[in-house]
$ cat structure26.cif   # mmCIF, C-alpha atoms
data_work
#
loop_
_atom_site.label_atom_id
_atom_site.label_comp_id
_atom_site.auth_asym_id
_atom_site.auth_seq_id
_atom_site.Cartn_x
_atom_site.Cartn_y
_atom_site.Cartn_z
CA MET A 23 -44.97 205.16 119.60
CA ASN A 24 -43.11 201.94 118.79
CA LEU A 25 -45.70 200.32 116.49
CA HIS A 26 -45.62 201.51 112.89
CA LYS A 27 -47.93 200.73 109.97
CA ILE A 28 -45.80 200.54 106.83
CA SER A 29 -48.08 198.50 104.58
CA THR A 30 -49.17 199.36 101.07
CA LYS A 31 -52.40 197.44 101.65
CA SER A 32 -55.62 199.43 101.81
CA LYS A 33 -56.58 200.65 105.27
CA ASN A 34 -59.76 198.55 105.22
CA SER A 35 -57.77 195.33 104.76
CA LEU A 36 -55.65 195.89 107.88
CA GLN A 37 -57.18 194.77 111.12
CA SER A 38 -56.90 196.91 114.25
CA TYR A 39 -53.80 195.64 116.02
CA THR A 40 -52.42 196.56 119.43
CA LEU A 41 -49.95 194.81 121.67
CA SER A 42 -52.65 194.44 124.31
CA LYS A 43 -54.45 192.03 122.02
CA LEU A 44 -51.58 189.59 121.70
CA SER A 45 -53.19 187.08 124.05
CA SER A 46 -56.79 187.54 122.88
CA LYS A 47 -58.73 184.34 122.24
CA TYR A 48 -62.12 184.07 120.54
CA THR A 49 -64.64 181.27 120.26
CA ASN A 50 -66.32 179.98 117.12
CA SER A 51 -68.88 182.19 115.39
CA LYS A 52 -72.44 181.76 116.64
CA LEU A 53 -75.58 183.83 116.09
CA ASN A 54 -78.15 184.03 118.90
CA LEU A 55 -81.24 186.12 119.52
CA ASP A 56 -81.11 187.83 122.89
CA GLU A 57 -83.80 186.81 125.36
CA SER A 58 -84.96 190.42 125.59
CA ASP A 59 -86.80 189.85 122.31
CA ASP A 60 -89.35 187.82 124.27
CA ILE A 61 -90.12 190.74 126.58
CA PRO A 62 -92.99 192.91 125.26
CA GLY A 63 -92.05 196.54 124.60
CA HIS A 64 -88.33 195.86 124.26
CA LEU A 65 -86.30 195.48 121.08
CA GLY A 66 -84.18 192.37 120.93
CA PHE A 67 -80.74 192.17 119.32
CA TYR A 68 -78.31 189.65 117.86
CA THR A 69 -74.81 188.91 119.11
CA ARG A 70 -71.98 187.00 117.46
CA GLN A 71 -68.41 186.09 118.28
CA ILE A 72 -65.84 186.14 115.50
CA THR A 73 -62.83 183.88 115.50
CA ASN A 74 -59.46 185.48 114.73
CA THR A 75 -56.25 183.50 114.54
CA THR A 76 -52.84 184.83 115.59
CA LEU A 77 -49.87 182.85 114.27
CA THR A 78 -46.62 183.61 116.14
CA VAL A 79 -43.35 182.59 114.49
CA PRO A 80 -40.07 182.89 116.48
CA MET A 81 -37.35 184.15 114.14
CA ASP A 82 -34.45 183.85 116.57
CA GLN A 83 -32.20 181.63 114.46
CA GLU A 84 -30.12 182.00 111.34
CA PHE A 85 -32.34 181.93 108.24
CA SER A 86 -32.27 178.43 106.78
CA ASN A 87 -33.29 176.76 103.50
CA PRO A 88 -36.86 177.06 102.14
CA SER A 89 -37.89 173.54 103.21
CA TYR A 90 -37.24 174.53 106.84
CA TYR A 91 -40.17 176.97 106.58
CA ARG A 92 -42.53 174.55 104.82
CA PHE A 93 -45.01 174.23 107.68
CA VAL A 94 -44.79 177.93 108.58
CA CYS A 95 -45.61 178.93 104.99
CA GLN A 96 -48.48 176.44 104.93
CA ALA A 97 -49.89 177.88 108.16
CA ILE A 98 -49.62 181.42 106.77
CA SER A 99 -51.45 180.36 103.59
CA GLU A 100 -54.40 179.16 105.69
CA LEU A 101 -54.85 182.52 107.45
CA GLU A 102 -57.77 184.72 106.45
CA GLU A 103 -58.55 188.43 106.50
CA GLY A 104 -58.71 189.56 110.12
CA ASP A 105 -56.05 187.05 111.20
CA THR A 106 -52.50 188.00 112.18
CA VAL A 107 -49.05 186.51 111.66
CA GLU A 108 -46.39 187.76 114.08
CA PHE A 109 -42.66 187.33 113.65
CA GLU A 110 -40.66 187.54 116.89
CA VAL A 111 -37.44 188.83 115.34
CA ALA A 112 -34.01 188.48 116.93
CA SER A 113 -31.75 187.13 114.19
CA ASP A 114 -28.44 187.82 112.48
CA GLY A 115 -29.95 186.94 109.09
CA GLY A 116 -28.98 184.04 106.88
CA ARG A 117 -29.98 182.43 103.59
CA VAL A 118 -31.78 184.51 100.97
CA ASP A 119 -33.75 181.58 99.55
CA GLY A 120 -35.34 180.89 102.94
CA LEU A 121 -36.16 184.58 103.27
CA ILE A 122 -37.80 184.60 99.83
CA ALA A 123 -39.99 181.64 100.81
CA LEU A 124 -41.34 183.64 103.76
CA LEU A 125 -41.78 186.80 101.69
CA SER A 126 -43.76 184.84 99.10
CA ALA A 127 -46.05 183.50 101.83
CA LEU A 128 -46.63 187.06 103.10
CA GLU A 129 -47.33 188.29 99.59
CA ARG A 130 -50.17 185.79 99.19
CA THR A 131 -51.87 186.08 102.58
CA PRO A 132 -54.72 188.52 103.32
CA ALA A 133 -53.76 188.41 107.02
CA THR A 134 -52.01 191.29 108.76
CA SER A 135 -48.28 190.68 109.23
CA VAL A 136 -46.43 192.15 112.21
CA ALA A 137 -42.69 192.14 112.94
CA LEU A 138 -41.80 192.39 116.63
CA LEU A 139 -38.18 193.51 116.91
CA ASN A 140 -36.95 192.00 120.16
CA GLY A 141 -33.21 192.28 119.48
CA MET A 142 -30.94 192.38 116.46
CA ALA A 143 -32.62 192.36 113.05
CA ALA A 144 -29.65 191.95 110.74
CA SER A 145 -29.46 191.36 107.01
CA ALA A 146 -32.30 189.02 105.96
CA ALA A 147 -34.08 189.63 109.29
CA SER A 148 -34.32 193.36 108.55
CA ILE A 149 -35.74 192.60 105.10
CA LEU A 150 -38.40 190.32 106.57
CA ALA A 151 -39.35 192.95 109.16
CA LEU A 152 -39.66 195.78 106.66
CA ASN A 153 -41.84 193.67 104.37
CA CYS A 154 -44.44 193.21 107.11
CA ASP A 155 -47.52 195.42 107.37
CA MET A 156 -46.51 196.65 110.82
CA VAL A 157 -43.29 196.84 112.80
CA TRP A 158 -43.02 197.05 116.58
CA VAL A 159 -39.61 198.27 117.79
CA GLY A 160 -38.32 197.10 121.16
CA THR A 161 -36.34 199.53 123.30
CA ASN A 162 -33.12 197.54 122.95
CA SER A 163 -33.60 196.37 119.38
CA SER A 164 -31.21 197.20 116.55
CA MET A 165 -30.81 196.67 112.83
CA MET A 166 -27.93 195.99 110.45
CA ILE A 167 -28.34 196.45 106.71
CA HIS A 168 -25.90 195.25 104.08
CA ASN A 169 -25.64 193.66 100.65
CA ALA A 170 -25.75 189.90 100.16
CA HIS A 171 -22.65 187.74 100.16
CA PHE A 172 -22.36 184.24 98.71
CA GLY A 173 -20.02 181.77 97.05
CA SER A 174 -20.18 180.15 93.63
CA ILE A 175 -18.43 177.12 92.14
CA GLY A 176 -18.24 176.12 88.50
CA THR A 177 -16.81 177.19 85.18
CA VAL A 178 -15.80 180.81 84.74
CA SER A 179 -18.73 181.56 82.43
CA ASN A 180 -21.25 179.94 84.79
CA VAL A 181 -19.85 181.74 87.82
CA VAL A 182 -20.07 185.06 85.95
CA LYS A 183 -23.71 184.35 85.04
CA HIS A 184 -24.50 183.37 88.63
CA VAL A 185 -22.90 186.51 90.03
CA ASP A 186 -24.79 188.68 87.54
CA PHE A 187 -28.07 186.98 88.43
CA GLU A 188 -27.53 187.38 92.19
CA ARG A 189 -26.53 191.02 91.73
CA LYS A 190 -29.76 191.80 89.89
CA ARG A 191 -31.92 189.82 92.32
CA THR A 192 -30.44 191.31 95.49
CA GLU A 193 -30.44 194.85 94.10
CA LYS A 194 -34.15 194.57 93.29
CA LEU A 195 -34.88 193.20 96.77
CA ILE A 196 -32.79 195.86 98.53
CA ARG A 197 -34.31 198.75 96.60
CA SER A 198 -37.91 197.60 97.12
CA THR A 199 -37.38 196.84 100.83
CA TYR A 200 -35.47 199.91 101.96
CA GLU A 201 -37.25 202.48 99.78
CA HIS A 202 -38.40 205.39 101.99
CA PHE A 203 -36.55 203.81 104.93
CA LEU A 204 -33.04 204.58 103.68
CA THR A 205 -32.11 207.54 101.52
CA GLU A 206 -31.15 206.97 97.89
CA ASP A 207 -27.53 207.65 98.76
CA GLU A 208 -27.66 205.11 101.59
CA ILE A 209 -29.17 202.47 99.30
CA GLU A 210 -26.40 203.05 96.77
CA ALA A 211 -23.85 202.76 99.57
CA VAL A 212 -25.36 199.44 100.71
CA LEU A 213 -25.22 198.11 97.16
CA ALA A 214 -21.57 199.17 97.05
CA GLY A 215 -20.78 197.13 100.17
CA VAL A 216 -21.31 199.53 103.09
CA GLU A 217 -22.96 198.27 106.29
CA ILE A 218 -25.52 200.49 108.04
CA TRP A 219 -26.19 200.03 111.77
CA LEU A 220 -29.26 201.50 113.46
CA ASP A 221 -30.38 201.59 117.09
CA SER A 222 -34.02 201.52 118.18
CA GLU A 223 -34.44 205.31 118.10
CA GLU A 224 -33.07 205.52 114.58
CA ILE A 225 -35.32 202.65 113.47
CA ASN A 226 -38.36 204.39 114.96
CA ASP A 227 -37.52 207.70 113.31
CA ARG A 228 -37.09 206.12 109.90
CA LEU A 229 -40.30 204.09 110.21
CA VAL A 230 -42.21 207.27 111.04
CA ILE A 231 -40.86 208.88 107.86
CA LYS A 232 -41.63 205.79 105.77
CA ALA A 233 -45.19 205.56 107.12
CA SER A 234 -45.76 209.26 106.42
CA ILE A 235 -44.55 208.96 102.83
CA LEU A 236 -46.67 205.87 102.17
CA GLU A 237 -49.73 207.61 103.60
CA GLU A 238 -49.20 210.60 101.33
CA LEU A 239 -48.80 208.33 98.30
CA ALA A 240 -51.98 206.45 99.25
CA GLU A 241 -53.92 209.73 99.53
CA GLU A 242 -52.67 210.80 96.11
CA ASP A 243 -53.84 207.50 94.64
CA GLU A 244 -57.26 207.95 96.24
CA GLU A 245 -57.54 211.45 94.80
CA LEU A 246 -56.71 210.13 91.35
CA GLU A 247 -59.34 207.41 91.68
CA CYS A 248 -61.97 209.95 92.79
CA THR A 249 -61.25 212.40 89.97
CA PRO A 250 -63.95 211.94 87.30
CA CYS A 251 -62.66 211.20 83.84
CA SER A 252 -63.61 213.76 81.19
CA ILE A 253 -65.13 211.90 78.23
CA PRO A 254 -65.07 214.00 75.07
CA GLU A 255 -68.36 214.50 73.27
CA PRO A 256 -68.66 212.50 70.05
CA GLU A 257 -68.19 214.52 66.87
CA TYR A 258 -71.12 212.75 65.26
CA ASP A 259 -74.66 211.77 66.08
CA PRO A 260 -74.64 208.02 66.88
CA VAL A 261 -78.34 207.72 65.99
CA SER A 262 -77.98 209.27 62.55
CA VAL A 263 -74.93 207.12 61.85
CA ALA A 264 -76.70 203.96 62.92
CA PHE A 265 -79.69 204.64 60.69
CA LYS A 266 -77.82 206.21 57.78
CA PRO A 267 -79.28 204.90 54.48
CA GLN A 268 -77.04 202.45 52.70
CA ILE A 269 -75.72 203.48 49.31
CA ASN A 270 -76.77 201.16 46.54
CA LEU A 271 -73.69 200.31 44.51
CA ASP A 272 -75.60 198.09 42.09
CA ASN A 273 -75.61 199.87 38.70
CA THR A 274 -77.92 197.36 37.08
#
$ encode --input "structure26.cif" --output "structure tokens"
Amino acid sequence: MNLHKISTKSKNSLQSYTLSKLSSKYTNSKLNLDESDDIPGHLGFYTRQITNTTLTVPMDQEFSNPSYYRFVCQAISELEEGDTVEFEVASDGGRVDGLIALLSALERTPATSVALLNGMAASAASILALNCDMVWVGTNSSMMIHNAHFGSIGTVSNVVKHVDFERKRTEKLIRSTYEHFLTEDEIEAVLAGVEIWLDSEEINDRLVIKASILEELAEEDEELECTPCSIPEPEYDPVSVAFKPQINLDNT
């Protein structure tokens, strides 16, 4: 299986998605009473058609500045539950600020997000893919994971502050993205400057593990929610306290 659900969203919020539905088109919603209702001795029924939107975004370029994705982010923000946004991924990565703009749009949308790995998903492209609800892995796809690199110009103190800020920001992004996909040792190695290259089989294997771990964590959360809370019995009688006679402190 090359399609993996790796979302932390509840199961009910994720629409059923298969590659066979990529070209599905639906008409506007309409409620009609079937003509069989007019036939004596037969129960009529209602039918309706539901509109679902699929937004497909080709990510086959270097990641650019946030303004480049202005219209894409706007389109994502207009999607509703039951809609889908697909990213056709074949990119060597690029700017982090453009990546963050897309991640913010995904964070806000109730739509299902799907990454379709058609080729190389390197650097920022791998982060985008692993932050989608589902990932489809093409037979000849691959992934490269590494730490961010950038330049900074200014006074020594400002450059030091900038470097410290970028280190904290990228470390947080790397840890949250690759958790359960890379091992802890591999994440530490990436933060230290090591590049990790994965072919399609390795990507599939790691996504299976990640999906399994997330499912177990979700089941544990459900068990905790279903466990009734034990409320201790009060050590006093609320009725007697409420109607306890007031002590008259007036000595006159």
$ residues_around --input "structure26.cif" --residues "Asn87 in chain A" --least-positions-apart "5" --cutoff "12 Å" --atoms "only C-alpha atoms" --output "PyMOL selection string"
chain A and resi 92+116-124
$ resolve_selection --input "structure26.cif" --expression "the PyMOL selection byres ((chain A and resi 192) around 12)" --output "number ranges by chain"
A: 118-119, 121-122, 145-146, 149, 168-172, 185-191, 193-200, 209, 212-214
$ closest_residue --input "structure26.cif" --among "A:Val94, A:Ala112, A:Leu65, A:Leu229" --to "Asn162 in chain A" --atoms "all atoms listed in the file"
A:Ala112
$ closest_residue --input "structure26.cif" --among "A:His64, A:Lys183, A:Arg70, A:Arg228" --to "Val159 in chain A" --atoms "only C-alpha atoms"
A:Arg228
$ atom_distance --input "structure26.cif" --atom1 "CA of Ala151 in chain A" --atom2 "CA of Met165 in chain A"
10.0 Å
$ atom_distance --input "structure26.cif" --atom1 "CA of Met81 in chain A" --atom2 "CA of Leu125 in chain A"
13.5 Å
